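Pasting coords_16.cif here (mmCIF, C-alpha atoms and all ligand atoms):
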```cif
data_protein
loop_
_atom_site.group_PDB
_atom_site.id
_atom_site.type_symbol
_atom_site.label_atom_id
_atom_site.label_comp_id
_atom_site.auth_asym_id
_atom_site.auth_seq_id
_atom_site.Cartn_x
_atom_site.Cartn_y
_atom_site.Cartn_z
ATOM 1 C CA MET A 1 49.936 5.295 7.727
ATOM 2 C CA GLN A 2 48.281 4.941 4.356
ATOM 3 C CA LYS A 3 49.370 2.125 2.119
ATOM 4 C CA LYS A 4 51.799 2.974 -0.670
ATOM 5 C CA ILE A 5 50.433 2.572 -4.174
ATOM 6 C CA SER A 6 52.850 1.726 -6.915
ATOM 7 C CA ILE A 7 52.136 3.098 -10.383
ATOM 8 C CA LEU A 8 54.161 2.621 -13.542
ATOM 9 C CA LEU A 9 54.059 5.355 -16.190
ATOM 10 C CA ILE A 10 55.207 4.250 -19.652
ATOM 11 C CA GLU A 11 55.511 7.474 -21.635
ATOM 12 C CA ASP A 12 58.343 8.856 -23.759
ATOM 13 C CA ASN A 13 57.285 12.503 -23.447
ATOM 14 C CA GLN A 14 59.379 14.066 -20.677
ATOM 15 C CA ASP A 15 56.898 16.906 -20.125
ATOM 16 C CA ILE A 16 54.076 14.462 -19.447
ATOM 17 C CA GLN A 17 56.361 12.373 -17.224
ATOM 18 C CA GLU A 18 57.142 15.454 -15.152
ATOM 19 C CA ALA A 19 53.557 16.696 -15.066
ATOM 20 C CA VAL A 20 52.252 13.326 -13.846
ATOM 21 C CA GLY A 21 55.037 13.086 -11.266
ATOM 22 C CA LEU A 22 54.068 16.506 -9.966
ATOM 23 C CA ILE A 23 50.359 15.632 -9.830
ATOM 24 C CA PHE A 24 51.140 12.669 -7.570
ATOM 25 C CA ASP A 25 53.608 14.634 -5.422
ATOM 26 C CA VAL A 26 51.006 17.296 -4.755
ATOM 27 C CA HIS A 27 47.697 15.426 -4.716
ATOM 28 C CA TRP A 28 48.517 11.824 -3.893
ATOM 29 C CA PRO A 29 51.879 11.451 -2.139
ATOM 30 C CA GLN A 30 51.199 7.793 -1.307
ATOM 31 C CA VAL A 31 51.857 6.983 -4.940
ATOM 32 C CA GLU A 32 55.293 5.635 -5.725
ATOM 33 C CA LEU A 33 55.837 6.387 -9.406
ATOM 34 C CA HIS A 34 58.043 4.221 -11.624
ATOM 35 C CA ARG A 35 58.937 5.748 -14.949
ATOM 36 C CA ALA A 36 59.666 4.108 -18.278
ATOM 37 C CA LEU A 37 60.493 6.058 -21.438
ATOM 38 C CA THR A 38 60.243 3.129 -23.865
ATOM 39 C CA GLY A 39 58.108 0.038 -24.368
ATOM 40 C CA VAL A 40 60.998 -2.306 -23.620
ATOM 41 C CA GLU A 41 61.748 -0.521 -20.367
ATOM 42 C CA GLY A 42 58.032 -0.517 -19.478
ATOM 43 C CA ILE A 43 57.668 -4.266 -19.973
ATOM 44 C CA ALA A 44 60.806 -4.878 -17.901
ATOM 45 C CA LEU A 45 59.566 -2.668 -15.034
ATOM 46 C CA MET A 46 56.155 -4.303 -15.201
ATOM 47 C CA ARG A 47 57.879 -7.631 -14.500
ATOM 48 C CA SER A 48 60.357 -6.421 -11.903
ATOM 49 C CA GLU A 49 58.191 -3.959 -9.930
ATOM 50 C CA SER A 50 54.722 -5.583 -10.272
ATOM 51 C CA PRO A 51 53.010 -2.184 -9.872
ATOM 52 C CA ASP A 52 49.397 -1.835 -8.729
ATOM 53 C CA LEU A 53 48.521 -0.061 -11.959
ATOM 54 C CA ALA A 54 50.198 1.014 -15.199
ATOM 55 C CA ILE A 55 49.571 4.047 -17.392
ATOM 56 C CA LEU A 56 50.630 3.328 -20.959
ATOM 57 C CA ASP A 57 51.087 5.822 -23.754
ATOM 58 C CA LEU A 58 50.253 4.316 -27.153
ATOM 59 C CA GLY A 59 52.815 6.354 -29.099
ATOM 60 C CA LEU A 60 56.191 5.043 -27.939
ATOM 61 C CA PRO A 61 59.496 5.344 -29.812
ATOM 62 C CA ASP A 62 60.438 1.652 -29.892
ATOM 63 C CA ILE A 63 57.354 -0.596 -29.777
ATOM 64 C CA ASP A 64 53.756 0.289 -30.635
ATOM 65 C CA GLY A 65 51.811 0.799 -27.398
ATOM 66 C CA LEU A 66 49.184 -1.789 -28.330
ATOM 67 C CA LYS A 67 51.969 -4.378 -28.749
ATOM 68 C CA VAL A 68 53.319 -3.393 -25.356
ATOM 69 C CA LEU A 69 49.831 -3.944 -23.913
ATOM 70 C CA ARG A 70 49.531 -7.362 -25.557
ATOM 71 C CA GLU A 71 52.931 -8.365 -24.160
ATOM 72 C CA ILE A 72 51.991 -7.134 -20.656
ATOM 73 C CA ARG A 73 48.717 -9.073 -20.784
ATOM 74 C CA SER A 74 50.605 -12.273 -21.584
ATOM 75 C CA PHE A 75 52.034 -12.309 -18.046
ATOM 76 C CA SER A 76 50.113 -9.771 -15.953
ATOM 77 C CA ASN A 77 46.585 -8.913 -14.850
ATOM 78 C CA THR A 78 47.586 -5.522 -13.480
ATOM 79 C CA PRO A 79 45.121 -2.783 -14.456
ATOM 80 C CA VAL A 80 46.319 -0.692 -17.385
ATOM 81 C CA ILE A 81 45.064 2.760 -18.362
ATOM 82 C CA ILE A 82 46.036 3.794 -21.870
ATOM 83 C CA LEU A 83 46.875 7.331 -22.947
ATOM 84 C CA THR A 84 45.534 8.235 -26.365
ATOM 85 C CA VAL A 85 45.359 11.312 -28.511
ATOM 86 C CA ARG A 86 41.957 12.878 -29.110
ATOM 87 C CA GLY A 87 39.956 11.276 -31.899
ATOM 88 C CA GLU A 88 41.773 7.943 -32.088
ATOM 89 C CA GLN A 89 38.645 5.894 -31.486
ATOM 90 C CA MET A 90 40.054 2.712 -33.082
ATOM 91 C CA ASP A 91 42.995 2.739 -30.694
ATOM 92 C CA LYS A 92 40.625 2.942 -27.743
ATOM 93 C CA ILE A 93 38.569 0.015 -28.972
ATOM 94 C CA ARG A 94 41.635 -2.103 -29.820
ATOM 95 C CA GLY A 95 43.076 -1.217 -26.427
ATOM 96 C CA LEU A 96 39.945 -2.314 -24.592
ATOM 97 C CA GLU A 97 39.844 -5.541 -26.594
ATOM 98 C CA LEU A 98 43.462 -6.232 -25.679
ATOM 99 C CA GLY A 99 42.603 -5.869 -22.004
ATOM 100 C CA ALA A 100 43.130 -2.207 -21.133
ATOM 101 C CA ASP A 101 40.942 -1.172 -18.207
ATOM 102 C CA ASP A 102 40.339 2.420 -19.221
ATOM 103 C CA PHE A 103 41.803 5.212 -21.304
ATOM 104 C CA ILE A 104 42.596 8.875 -20.859
ATOM 105 C CA VAL A 105 42.672 11.301 -23.757
ATOM 106 C CA LYS A 106 45.604 13.730 -23.900
ATOM 107 C CA PRO A 107 45.729 16.504 -22.852
ATOM 108 C CA PHE A 108 44.096 15.693 -19.527
ATOM 109 C CA ALA A 109 43.426 17.572 -16.313
ATOM 110 C CA HIS A 110 44.929 16.292 -13.072
ATOM 111 C CA LYS A 111 41.450 15.692 -11.635
ATOM 112 C CA GLU A 112 40.570 13.381 -14.489
ATOM 113 C CA LEU A 113 43.810 11.437 -14.142
ATOM 114 C CA LEU A 114 43.262 10.917 -10.421
ATOM 115 C CA ALA A 115 39.577 10.034 -10.839
ATOM 116 C CA ARG A 116 40.296 7.441 -13.554
ATOM 117 C CA ILE A 117 43.058 5.803 -11.527
ATOM 118 C CA LYS A 118 40.922 5.624 -8.380
ATOM 119 C CA SER A 119 37.957 4.281 -10.290
ATOM 120 C CA VAL A 120 40.035 1.575 -12.008
ATOM 121 C CA LEU A 121 41.721 0.551 -8.756
ATOM 122 C CA SER A 122 38.426 0.231 -6.871
ATOM 123 C CA ARG A 123 36.739 -1.584 -9.740
ATOM 124 C CA THR A 124 39.505 -4.121 -10.313
ATOM 125 C CA SER A 125 39.873 -4.975 -6.642
ATOM 126 C CA LYS A 126 36.214 -5.696 -6.004
ATOM 127 C CA VAL A 127 34.730 -9.101 -6.502
ATOM 128 C CA VAL A 128 31.340 -8.886 -8.130
ATOM 129 C CA ALA A 129 29.913 -12.177 -6.981
ATOM 130 C CA GLU A 130 31.167 -15.365 -5.437
ATOM 131 C CA GLN A 131 31.013 -18.395 -7.684
ATOM 132 C CA ASP A 132 31.971 -21.989 -7.233
ATOM 133 C CA GLU A 133 35.594 -22.422 -8.101
ATOM 134 C CA GLN A 134 35.669 -24.420 -11.276
ATOM 135 C CA GLN A 135 32.732 -24.635 -13.588
ATOM 136 C CA PRO A 136 32.385 -26.309 -16.911
ATOM 137 C CA VAL A 137 30.532 -23.881 -19.177
ATOM 138 C CA MET A 138 30.752 -25.902 -22.365
ATOM 139 C CA PRO A 139 31.597 -29.571 -22.841
ATOM 140 C CA LYS A 140 35.264 -28.674 -23.486
ATOM 141 C CA THR A 141 35.567 -25.386 -21.572
ATOM 142 C CA VAL A 142 36.163 -25.064 -17.828
ATOM 143 C CA ILE A 143 36.498 -21.693 -16.093
ATOM 144 C CA ASP A 144 37.938 -21.138 -12.640
ATOM 145 C CA PHE A 145 35.899 -18.189 -11.410
ATOM 146 C CA ASN A 146 38.365 -17.385 -8.624
ATOM 147 C CA THR A 147 41.548 -17.162 -10.637
ATOM 148 C CA GLY A 148 40.243 -16.579 -14.160
ATOM 149 C CA GLU A 149 42.086 -19.675 -15.449
ATOM 150 C CA VAL A 150 40.374 -21.205 -18.455
ATOM 151 C CA ILE A 151 40.888 -24.634 -19.916
ATOM 152 C CA LYS A 152 39.432 -24.848 -23.406
ATOM 153 C CA GLY A 153 40.209 -28.131 -25.102
ATOM 154 C CA GLU A 154 43.996 -28.192 -25.428
ATOM 155 C CA GLN A 155 44.389 -24.478 -24.662
ATOM 156 C CA GLN A 156 44.989 -22.978 -21.249
ATOM 157 C CA PHE A 157 44.966 -19.236 -20.530
ATOM 158 C CA LYS A 158 43.955 -16.618 -17.995
ATOM 159 C CA LEU A 159 41.240 -13.975 -18.269
ATOM 160 C CA GLY A 160 41.992 -10.367 -17.365
ATOM 161 C CA ARG A 161 40.496 -8.912 -14.200
ATOM 162 C CA THR A 162 37.759 -6.897 -15.879
ATOM 163 C CA GLU A 163 36.953 -9.775 -18.228
ATOM 164 C CA LEU A 164 36.583 -12.054 -15.236
ATOM 165 C CA ASN A 165 34.446 -9.555 -13.312
ATOM 166 C CA LEU A 166 32.169 -9.128 -16.311
ATOM 167 C CA LEU A 167 31.833 -12.863 -16.806
ATOM 168 C CA LYS A 168 31.176 -13.448 -13.099
ATOM 169 C CA TYR A 169 28.512 -10.773 -13.083
ATOM 170 C CA LEU A 170 26.730 -12.284 -16.076
ATOM 171 C CA ALA A 171 27.047 -15.778 -14.581
ATOM 172 C CA SER A 172 25.721 -14.642 -11.205
ATOM 173 C CA ASN A 173 22.478 -13.609 -12.899
ATOM 174 C CA ASP A 174 21.668 -17.214 -13.596
ATOM 175 C CA GLY A 175 20.671 -17.125 -17.235
ATOM 176 C CA LYS A 176 18.666 -13.919 -16.852
ATOM 177 C CA VAL A 177 19.247 -11.025 -19.242
ATOM 178 C CA VAL A 178 21.216 -8.110 -17.789
ATOM 179 C CA SER A 179 20.881 -4.728 -19.502
ATOM 180 C CA ASP A 180 23.849 -2.819 -20.940
ATOM 181 C CA SER A 181 23.421 -0.015 -18.433
ATOM 182 C CA GLN A 182 23.193 -2.395 -15.451
ATOM 183 C CA ILE A 183 26.419 -4.067 -16.562
ATOM 184 C CA LEU A 184 28.233 -0.775 -17.192
ATOM 185 C CA ILE A 185 27.226 0.615 -13.797
ATOM 186 C CA THR A 186 28.168 -2.556 -11.917
ATOM 187 C CA ILE A 187 31.468 -3.316 -13.617
ATOM 188 C CA TRP A 188 32.738 0.139 -14.568
ATOM 189 C CA GLY A 189 30.765 2.531 -12.337
ATOM 190 C CA GLU A 190 27.916 5.011 -12.724
ATOM 191 C CA GLU A 191 29.943 7.530 -14.689
ATOM 192 C CA TYR A 192 30.397 4.906 -17.432
ATOM 193 C CA VAL A 193 26.691 4.292 -18.080
ATOM 194 C CA ASP A 194 26.931 5.715 -21.617
ATOM 195 C CA CYS A 195 30.203 4.008 -22.539
ATOM 196 C CA ALA A 196 28.675 1.157 -24.536
ATOM 197 C CA GLU A 197 31.943 0.739 -26.455
ATOM 198 C CA TYR A 198 33.666 -0.547 -23.301
ATOM 199 C CA LEU A 199 31.088 -3.277 -22.909
ATOM 200 C CA GLN A 200 31.085 -4.201 -26.601
ATOM 201 C CA ALA A 201 34.875 -4.469 -26.691
ATOM 202 C CA TYR A 202 34.961 -6.707 -23.617
ATOM 203 C CA ILE A 203 32.117 -8.919 -24.827
ATOM 204 C CA ARG A 204 33.945 -9.368 -28.132
ATOM 205 C CA SER A 205 37.186 -10.251 -26.420
ATOM 206 C CA LEU A 206 35.483 -12.740 -24.054
ATOM 207 C CA ARG A 207 33.748 -14.376 -26.995
ATOM 208 C CA GLU A 208 37.006 -14.651 -28.916
ATOM 209 C CA LYS A 209 38.574 -16.372 -25.939
ATOM 210 C CA LEU A 210 35.731 -18.601 -24.779
ATOM 211 C CA GLU A 211 33.433 -19.387 -27.674
ATOM 212 C CA GLU A 212 34.061 -22.157 -30.188
ATOM 213 C CA ASP A 213 32.732 -19.787 -32.848
ATOM 214 C CA PRO A 214 32.774 -16.133 -31.670
ATOM 215 C CA ASP A 215 30.335 -15.146 -34.438
ATOM 216 C CA ASN A 216 27.829 -17.704 -33.248
ATOM 217 C CA PRO A 217 28.075 -17.403 -29.462
ATOM 218 C CA GLN A 218 26.755 -20.163 -27.199
ATOM 219 C CA ILE A 219 27.977 -18.884 -23.817
ATOM 220 C CA ILE A 220 27.434 -15.102 -23.868
ATOM 221 C CA ILE A 221 24.167 -14.479 -25.647
ATOM 222 C CA THR A 222 23.051 -11.112 -27.036
ATOM 223 C CA ASP A 223 19.442 -10.271 -26.253
ATOM 224 C CA ALA A 224 17.398 -7.264 -27.331
ATOM 225 C CA ASP A 225 17.710 -5.896 -23.771
ATOM 226 C CA GLY A 226 21.312 -6.807 -23.010
ATOM 227 C CA TYR A 227 23.362 -9.965 -22.484
ATOM 228 C CA LYS A 228 22.949 -13.285 -20.732
ATOM 229 C CA PHE A 229 25.237 -16.082 -19.696
ATOM 230 C CA GLN A 230 24.376 -19.606 -20.711
ATOM 231 C CA GLN A 231 25.849 -22.764 -19.305
ATOM 232 C CA ILE A 232 25.574 -25.825 -21.466
ATOM 233 C CA ALA A 233 27.589 -28.361 -19.499
ATOM 234 C CA GLY A 234 27.717 -29.113 -15.778
HETATM 235 CA CA CA A 301 54.349 9.410 -26.866
#
```
What does this structure look like when you write it as structure tokens?
Amino acid sequence: MQKKISILLIEDNQDIQEAVGLIFDVHWPQVELHRALTGVEGIALMRSESPDLAILDLGLPDIDGLKVLREIRSFSNTPVIILTVRGEQMDKIRGLELGADDFIVKPFAHKELLARIKSVLSRTSKVVAEQDEQQPVMPKTVIDFNTGEVIKGEQQFKLGRTELNLLKYLASNDGKVVSDSQILITIWGEEYVDCAEYLQAYIRSLREKLEEDPDNPQIIITDADGYKFQQIAG
């Protein structure tokens, strides 16, 4: 028997709720779909059901979808795919910076929905490279490469799954520069090779979390050919 996969759909539009439910019934019956029609309900189900993945519409009646995402990320690493309306590029970028794993533009075909979900699930479950558990990367910053826990001076927080995978991948290249396309293919998959905005959004968010001064990075360095990871302490 195939393992059940639990997916939470946070979307106030009943037609989309029904369409997605039908797509899973027909094409992927192993999916157990939880439905939320509001942001509040979505956050509550995220806590109580701990789904394997969430699909989050940005236009919700009660709370702005990006706020819902920020709230979810404060307690959960579960992959989140956001639903946006065509042309809302800023929402996509903000969403990626806040820790969304991918986005789907409405209206979407069932094949795209299924492909995105499968790609996100396989990407977020794979470990890019094994690292020693805890490593100091700066005099005051220690990262646990297994759990994503970061201690930075007085602050303590957890990196998202994709953030951690990206950081691990850069760190596993031992100070060597890795090109944008190599990173996109390894972390997101071949079909994402041209999605530079994913990489830029994640680099920015990692820098905001890890660097003393995100505008003058000391850990994740931009090079003409890509990015490299630099370890100053340890
Ligand atoms: Ca909506």
Query raised in the report: Once the PyMOL selection byres (((chain A and resi 194) around 12) and not hetatm) has been applied to the shown file, what residues remain in the selection, as an MDAnalysis selection string?
Result: chainID A and resid 180:185 188:193 195:200
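This file, filtered with the PyMOL selection byres (((not hetatm)) within 6 of (chain A and resi 301)), gives the residues A:Glu11, A:Asp12, A:Asn13, A:Asp57, A:Gly59, A:Leu60.
If you apply the PyMOL selection byres (((chain A and resi 103) around 6) and not hetatm) to this structure, you end up with Ile81, Ile82, Leu83, Asp102 and Ile104 of chain A.
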Requested in this report: Name all residues at most 12 Å from Thr124 of chain A (count all atoms listed in the file; drop same-chain ones fewer than 6 positions away) and give them as an MDAnalysis selection string.
Outcome: chainID A and resid 52:53 77:81 100:102 117:118 160:166 186:189
Requested in this report: Would you list the contacts of Ser74 of chain A as a PyMOL selection string, taking every protein, DNA or RNA residue within 12 Å and counting only C-alpha atoms, but skipping same-chain residues closer than 3 positions in sequence?
Outcome: chain A and resi 43+46-47+67-71+77-78+98-99+157-160
Report task. List the neighbours of Phe108 of chain A out to 12 Å using all atoms listed in the file; skip same-chain residues closer than 6 positions along the sequence, and give me the result as a ChimeraX atom specification. Result -> /A:16,19-20,23,83-86,114-116
